[in-house]
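For reference, the structure is listed below as structure tokens.
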Amino acid sequence: QVQLVESGGGLVQAGGSVRLSCAASGRTFSRNAMGWFRQAPGKEREFVAAINWSGDRTYYTESVQGRFTISRDNAKNTVNLQMNSLKPDDTAVYYCAARNAYSRDLYYTRRFEYDFWGQGTQVTVSS
């Protein structure tokens with residue numbers, strides 16, 4: 001059974017930092033693109049960051065560029081999201097996602113392009 005389990009969320013003050021991790025089990029995703037999404041209360045789930053299978057290509061939504069960094073460790077089957085200079089608008093449940101098919105050198109930004117999802121981890125940024 002494939003599982004993605006996020007960790008590292010919590011309560012942080014504006015301007016602070018949080019590092020999220022997503023551990024995959026049940027299969028390897030070393031040849032698959034992965035990403036992070038988030039969902040704030042009353043809003044749609046939105047794209048945050050994506051990474052290709054090798055980790056040398058990344059893409060971010062404009063609102064987090066320069067503050068967030070996505071990375072992966074294929075040996076450990078994990079993907080991470082380092083979030084710095086956090087703002088109250090970053091408050092949301094953050095979800096890790098992975099594609100089923102081999103992704104060549106691409107990354108993906110749309111929800112329907114991902115096949116596996118974690119349960120999410122809450123990040124709350126206080127002002």
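By order in the structure tokens, chains are A, B, ...; within a chain, residues start at 1; ligands start at 1, following the order shown.
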Would you pick out the contacts of Phe37 in chain A at 7 Å or less, using only C-alpha atoms, so that residues sharing its chain but fewer than 6 positions from it are not included, and give the list as an NGL selection string? :A and (45-49 or 94-96)
Output the selection as a PDB file, in the first residue's frame - N, CA, C and O atoms for each residue.
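Listed below is the output, selection09.pdb:
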```pdb
ATOM      1  N   ARG A  45      -7.689  23.835  -2.867  1.00  0.00           N
ATOM      2  CA  ARG A  45      -6.309  23.388  -2.725  1.00  0.00           C
ATOM      3  C   ARG A  45      -5.498  23.981  -3.880  1.00  0.00           C
ATOM      4  O   ARG A  45      -5.901  23.893  -5.036  1.00  0.00           O
ATOM      5  N   GLU A  46      -4.349  24.564  -3.556  1.00  0.00           N
ATOM      6  CA  GLU A  46      -3.557  25.247  -4.563  1.00  0.00           C
ATOM      7  C   GLU A  46      -2.120  24.732  -4.608  1.00  0.00           C
ATOM      8  O   GLU A  46      -1.581  24.243  -3.616  1.00  0.00           O
ATOM      9  N   PHE A  47      -1.535  24.877  -5.773  1.00  0.00           N
ATOM     10  CA  PHE A  47      -0.154  24.457  -5.987  1.00  0.00           C
ATOM     11  C   PHE A  47       0.808  25.360  -5.221  1.00  0.00           C
ATOM     12  O   PHE A  47       0.616  26.575  -5.166  1.00  0.00           O
ATOM     13  N   VAL A  48       1.866  24.763  -4.660  1.00  0.00           N
ATOM     14  CA  VAL A  48       2.898  25.518  -3.964  1.00  0.00           C
ATOM     15  C   VAL A  48       4.256  25.345  -4.646  1.00  0.00           C
ATOM     16  O   VAL A  48       4.902  26.317  -5.012  1.00  0.00           O
ATOM     17  N   ALA A  49       4.691  24.089  -4.800  1.00  0.00           N
ATOM     18  CA  ALA A  49       6.029  23.840  -5.337  1.00  0.00           C
ATOM     19  C   ALA A  49       6.080  22.459  -5.965  1.00  0.00           C
ATOM     20  O   ALA A  49       5.351  21.557  -5.550  1.00  0.00           O
ATOM     21  N   TYR A  94      -0.869  21.655   4.474  1.00  0.00           N
ATOM     22  CA  TYR A  94       0.067  21.395   3.375  1.00  0.00           C
ATOM     23  C   TYR A  94       0.069  19.907   3.038  1.00  0.00           C
ATOM     24  O   TYR A  94       0.190  19.059   3.937  1.00  0.00           O
ATOM     25  N   TYR A  95      -0.046  19.620   1.731  1.00  0.00           N
ATOM     26  CA  TYR A  95      -0.132  18.255   1.247  1.00  0.00           C
ATOM     27  C   TYR A  95       1.035  17.932   0.327  1.00  0.00           C
ATOM     28  O   TYR A  95       1.382  18.720  -0.557  1.00  0.00           O
ATOM     29  N   CYS A  96       1.568  16.745   0.497  1.00  0.00           N
ATOM     30  CA  CYS A  96       2.582  16.200  -0.385  1.00  0.00           C
ATOM     31  C   CYS A  96       1.880  15.374  -1.459  1.00  0.00           C
ATOM     32  O   CYS A  96       0.864  14.727  -1.180  1.00  0.00           O
TER      33      CYS A  96
END
```
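For range 23-29 of chain A, the list of residues within 6 Å, based on only C-alpha atoms and with local chain neighbours fewer than 5 positions off taken out, reads Gln1, Val2, Gln3, Leu4, Val5, Asn77 and Thr78 of chain A.
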Mind dumping the selected residues with all heavy atoms as a short mmCIF file (atom, residue, chain, number, x, y, z; two decimals), in the first residue's frame?
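Full text of again23.cif as output:
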```cif
data_model
loop_
_atom_site.label_atom_id
_atom_site.label_comp_id
_atom_site.auth_asym_id
_atom_site.auth_seq_id
_atom_site.Cartn_x
_atom_site.Cartn_y
_atom_site.Cartn_z
N GLN A 1 0.85 -1.19 0.00
CA GLN A 1 0.00 0.00 0.00
C GLN A 1 0.88 1.24 0.00
O GLN A 1 1.75 1.39 0.85
CB GLN A 1 -0.90 0.00 1.23
CG GLN A 1 -1.82 1.21 1.31
CD GLN A 1 -2.69 1.20 2.55
OE1 GLN A 1 -2.61 0.26 3.36
NE2 GLN A 1 -3.49 2.21 2.72
N VAL A 2 0.65 2.13 -0.94
CA VAL A 2 1.44 3.35 -1.04
C VAL A 2 0.94 4.37 -0.02
O VAL A 2 -0.27 4.59 0.13
CB VAL A 2 1.35 3.95 -2.44
CG1 VAL A 2 2.08 5.28 -2.51
CG2 VAL A 2 1.92 2.98 -3.47
N GLN A 3 1.88 4.97 0.69
CA GLN A 3 1.53 6.00 1.65
C GLN A 3 2.49 7.16 1.54
O GLN A 3 3.70 6.96 1.37
CB GLN A 3 1.58 5.47 3.08
CG GLN A 3 0.34 4.71 3.51
CD GLN A 3 0.33 4.46 5.01
OE1 GLN A 3 1.33 4.04 5.57
NE2 GLN A 3 -0.79 4.74 5.64
N LEU A 4 1.97 8.37 1.65
CA LEU A 4 2.76 9.59 1.78
C LEU A 4 2.39 10.19 3.13
O LEU A 4 1.21 10.43 3.39
CB LEU A 4 2.46 10.57 0.67
CG LEU A 4 2.72 10.11 -0.77
CD1 LEU A 4 2.31 11.20 -1.76
CD2 LEU A 4 4.17 9.73 -0.98
N VAL A 5 3.38 10.42 3.96
CA VAL A 5 3.12 10.93 5.31
C VAL A 5 3.91 12.21 5.52
O VAL A 5 5.16 12.19 5.51
CB VAL A 5 3.48 9.89 6.38
CG1 VAL A 5 3.22 10.46 7.77
CG2 VAL A 5 2.69 8.61 6.17
N ASN A 77 13.63 8.29 -0.15
CA ASN A 77 12.25 8.35 -0.63
C ASN A 77 11.45 9.47 0.05
O ASN A 77 10.30 9.26 0.48
CB ASN A 77 11.55 6.99 -0.42
CG ASN A 77 10.63 6.62 -1.57
OD1 ASN A 77 10.71 7.16 -2.67
ND2 ASN A 77 9.73 5.69 -1.30
N THR A 78 12.09 10.63 0.16
CA THR A 78 11.46 11.75 0.83
C THR A 78 11.51 13.02 -0.03
O THR A 78 12.38 13.16 -0.90
CB THR A 78 12.13 12.07 2.18
OG1 THR A 78 13.52 12.37 1.95
CG2 THR A 78 12.03 10.89 3.14
#
```
Might you pull out every residue within 6 Å of Val123 in chain A, with only C-alpha atoms counted and same-chain residues fewer than 3 positions away left off, and present them as a list in words? Gly9, Gly10, Thr91 and Ala92 of chain A
Output file for the residues above (C-alpha atoms, as an mmCIF file, in the first residue's frame):
```
data_model
loop_
_atom_site.group_PDB
_atom_site.id
_atom_site.type_symbol
_atom_site.label_atom_id
_atom_site.label_comp_id
_atom_site.auth_asym_id
_atom_site.auth_seq_id
_atom_site.Cartn_x
_atom_site.Cartn_y
_atom_site.Cartn_z
ATOM 1 C CA GLY A 9 3.880 21.376 10.621
ATOM 2 C CA GLY A 10 2.948 23.509 13.587
ATOM 3 C CA THR A 91 -1.496 29.376 6.989
ATOM 4 C CA ALA A 92 -2.954 26.202 5.500
#
```
Using only C-alpha atoms, I'd like a table of the residues in range 36-64 of chain A that come within 6 Å of range 107-118 of chain A; for each, show the closest atom pair and its distance in Å rounded to one decimal, ordered by chain and ascending number, as a Markdown table.
```
| residue | atom | partner | partner_atom | distance |
| --- | --- | --- | --- | --- |
| A:Phe47 | CA | A:Thr109 | CA | 6.0 |
| A:Ala50 | CA | A:Tyr107 | CA | 5.8 |
| A:Ile51 | CA | A:Tyr107 | CA | 5.4 |
| A:Asn52 | CA | A:Tyr107 | CA | 4.7 |
```
Excluding Leu86 in chain A and its own-chain neighbours fewer than 6 positions away, which residues fall within 6 Å of it when counting only C-alpha atoms? Please give them as a tab-separated table (two decimals) with all heavy atoms, in the first residue's frame.
```tsv
chain	number	residue	atom	x	y	z
A	14	ALA	N	5.00	34.96	12.41
A	14	ALA	CA	5.33	35.58	11.13
A	14	ALA	C	6.82	35.91	11.10
A	14	ALA	O	7.38	36.39	12.08
A	14	ALA	CB	4.50	36.84	10.92
A	15	GLY	N	7.43	35.62	9.96
A	15	GLY	CA	8.87	35.81	9.80
A	15	GLY	C	9.69	34.59	10.16
A	15	GLY	O	10.89	34.54	9.86
A	16	GLY	N	9.05	33.60	10.75
A	16	GLY	CA	9.75	32.38	11.15
A	16	GLY	C	9.87	31.37	10.03
A	16	GLY	O	9.49	31.63	8.88
```
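Of the residues under consideration (A:Leu81, A:Leu11, A:Cys22, A:Leu106), A:Leu106 shows the shortest atom-to-atom contact distance to Ser54 in chain A when counting only C-alpha atoms.
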Residue contacts of Gly8 in chain A (9 Å, only C-alpha atoms) excluding same-chain residues fewer than 5 positions away, as a PyMOL selection string: chain A and resi 18-22+121-123
Residue subset to file, keeping N, CA and C atoms, as a PDB file, in the first residue's frame:
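Result saved to selection-v2.pdb:
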```pdb
ATOM      1  N   VAL A  18       9.732  26.998   8.930  1.00  0.00           N
ATOM      2  CA  VAL A  18       9.267  25.640   9.190  1.00  0.00           C
ATOM      3  C   VAL A  18       9.787  24.753   8.063  1.00  0.00           C
ATOM      4  N   ARG A  19      10.146  23.533   8.401  1.00  0.00           N
ATOM      5  CA  ARG A  19      10.568  22.560   7.394  1.00  0.00           C
ATOM      6  C   ARG A  19       9.604  21.390   7.407  1.00  0.00           C
ATOM      7  N   LEU A  20       8.955  21.173   6.287  1.00  0.00           N
ATOM      8  CA  LEU A  20       8.046  20.043   6.133  1.00  0.00           C
ATOM      9  C   LEU A  20       8.765  18.890   5.451  1.00  0.00           C
ATOM     10  N   SER A  21       8.436  17.687   5.855  1.00  0.00           N
ATOM     11  CA  SER A  21       8.974  16.493   5.216  1.00  0.00           C
ATOM     12  C   SER A  21       7.831  15.579   4.807  1.00  0.00           C
ATOM     13  N   CYS A  22       8.057  14.840   3.755  1.00  0.00           N
ATOM     14  CA  CYS A  22       7.074  13.869   3.276  1.00  0.00           C
ATOM     15  C   CYS A  22       7.815  12.560   3.021  1.00  0.00           C
ATOM     16  N   THR A 121      -0.489  18.262   6.648  1.00  0.00           N
ATOM     17  CA  THR A 121       0.018  18.731   7.930  1.00  0.00           C
ATOM     18  C   THR A 121      -0.305  20.221   8.052  1.00  0.00           C
ATOM     19  N   GLN A 122      -0.783  20.614   9.230  1.00  0.00           N
ATOM     20  CA  GLN A 122      -1.230  21.992   9.431  1.00  0.00           C
ATOM     21  C   GLN A 122      -0.035  22.900   9.715  1.00  0.00           C
ATOM     22  N   VAL A 123      -0.011  24.031   9.029  1.00  0.00           N
ATOM     23  CA  VAL A 123       0.950  25.096   9.315  1.00  0.00           C
ATOM     24  C   VAL A 123       0.144  26.345   9.625  1.00  0.00           C
TER      25      VAL A 123
END
```
So that I can check the surroundings of Ala101 in chain A, please list as an mmCIF file with C-alpha atoms, in the first residue's frame every protein, DNA and RNA residue that reaches within 9 Å of it, counting only C-alpha atoms and ignoring chain neighbours fewer than 2 positions away.
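To be explicit, this is the file written out as part-v9.cif:
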```cif
data_model
loop_
_atom_site.group_PDB
_atom_site.id
_atom_site.type_symbol
_atom_site.label_atom_id
_atom_site.label_comp_id
_atom_site.auth_asym_id
_atom_site.auth_seq_id
_atom_site.Cartn_x
_atom_site.Cartn_y
_atom_site.Cartn_z
ATOM 1 C CA ARG A 31 11.814 8.332 -10.942
ATOM 2 C CA ASN A 32 8.672 10.401 -10.350
ATOM 3 C CA ALA A 33 7.904 14.071 -10.009
ATOM 4 C CA ARG A 99 2.965 11.003 -9.689
ATOM 5 C CA SER A 103 8.016 11.779 -15.237
ATOM 6 C CA ASP A 115 -1.856 10.249 -8.282
#
```
Asp90 in chain A: which residues within 10 Å, counting only C-alpha atoms, same-chain residues fewer than 4 positions away excluded, as JSON, numbers by chain? {"A": [14, 38, 39, 40, 63, 64, 83, 85, 86, 94, 123, 124, 125, 126]}
Gap from CA of Asp105 in chain A to CA of Thr61 in chain A - Å, one decimal: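 So the answer is 19.0 Å.
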Quick check, in Å to one decimal: how far apart do CA of Pro88 in chain A and CA of Pro41 in chain A lie?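 Taking CA of Pro88 in chain A and CA of Pro41 in chain A, their separation equals 12.6 Å.
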What is the distance between CA of Asn74 in chain A and CA of Glu62 in chain A, in Å to one decimal?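 CA of Asn74 in chain A sits 26.2 Å away from CA of Glu62 in chain A.
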As a ChimeraX atom specification, please: every residue in chain A that a backbone DSSP assignment puts in strand (DSSP E). /A:3-7,10-13,18-25,34-39,46-51,58-60,68-73,78-83,92-98,116-117,121-126
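With only C-alpha atoms as the basis for measurement, A:Gly55 is the residue among A:Gln65, A:Ser17, A:Ser127, A:Gly55 that approaches Met34 in chain A most closely.
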Mind listing the helix (DSSP H, G or I) residues of chain A, per DSSP on the backbone, as an MDAnalysis selection string? chainID A and resid 62:64 88:90 111:113
Residue selection dump (N, CA, C and O atoms) as a PDB file, in the first residue's frame:
```pdb
ATOM      1  N   GLU A  62       4.075  31.926  -7.483  1.00  0.00           N
ATOM      2  CA  GLU A  62       4.713  33.223  -7.354  1.00  0.00           C
ATOM      3  C   GLU A  62       4.760  33.715  -5.912  1.00  0.00           C
ATOM      4  O   GLU A  62       5.752  34.316  -5.488  1.00  0.00           O
ATOM      5  N   SER A  63       3.746  33.436  -5.149  1.00  0.00           N
ATOM      6  CA  SER A  63       3.655  33.992  -3.787  1.00  0.00           C
ATOM      7  C   SER A  63       4.704  33.423  -2.831  1.00  0.00           C
ATOM      8  O   SER A  63       4.935  33.989  -1.769  1.00  0.00           O
ATOM      9  N   VAL A  64       5.333  32.312  -3.189  1.00  0.00           N
ATOM     10  CA  VAL A  64       6.331  31.717  -2.285  1.00  0.00           C
ATOM     11  C   VAL A  64       7.744  31.763  -2.855  1.00  0.00           C
ATOM     12  O   VAL A  64       8.700  31.353  -2.189  1.00  0.00           O
ATOM     13  N   PRO A  88       1.249  35.258   7.594  1.00  0.00           N
ATOM     14  CA  PRO A  88      -0.054  34.702   7.984  1.00  0.00           C
ATOM     15  C   PRO A  88      -0.813  34.096   6.800  1.00  0.00           C
ATOM     16  O   PRO A  88      -1.539  33.109   6.982  1.00  0.00           O
ATOM     17  N   ASP A  89      -0.631  34.638   5.610  1.00  0.00           N
ATOM     18  CA  ASP A  89      -1.300  34.093   4.417  1.00  0.00           C
ATOM     19  C   ASP A  89      -0.809  32.702   4.045  1.00  0.00           C
ATOM     20  O   ASP A  89      -1.429  32.028   3.217  1.00  0.00           O
ATOM     21  N   ASP A  90       0.296  32.262   4.623  1.00  0.00           N
ATOM     22  CA  ASP A  90       0.798  30.910   4.366  1.00  0.00           C
ATOM     23  C   ASP A  90       0.089  29.860   5.226  1.00  0.00           C
ATOM     24  O   ASP A  90       0.329  28.660   5.064  1.00  0.00           O
ATOM     25  N   ARG A 111      -3.352  19.711  -9.836  1.00  0.00           N
ATOM     26  CA  ARG A 111      -3.756  18.637  -8.934  1.00  0.00           C
ATOM     27  C   ARG A 111      -3.996  17.329  -9.663  1.00  0.00           C
ATOM     28  O   ARG A 111      -3.579  16.259  -9.174  1.00  0.00           O
ATOM     29  N   PHE A 112      -4.651  17.371 -10.819  1.00  0.00           N
ATOM     30  CA  PHE A 112      -5.021  16.132 -11.510  1.00  0.00           C
ATOM     31  C   PHE A 112      -3.807  15.389 -12.064  1.00  0.00           C
ATOM     32  O   PHE A 112      -3.912  14.224 -12.453  1.00  0.00           O
ATOM     33  N   GLU A 113      -2.666  16.050 -12.071  1.00  0.00           N
ATOM     34  CA  GLU A 113      -1.445  15.413 -12.584  1.00  0.00           C
ATOM     35  C   GLU A 113      -0.775  14.515 -11.544  1.00  0.00           C
ATOM     36  O   GLU A 113       0.184  13.823 -11.865  1.00  0.00           O
TER      37      GLU A 113
END
```
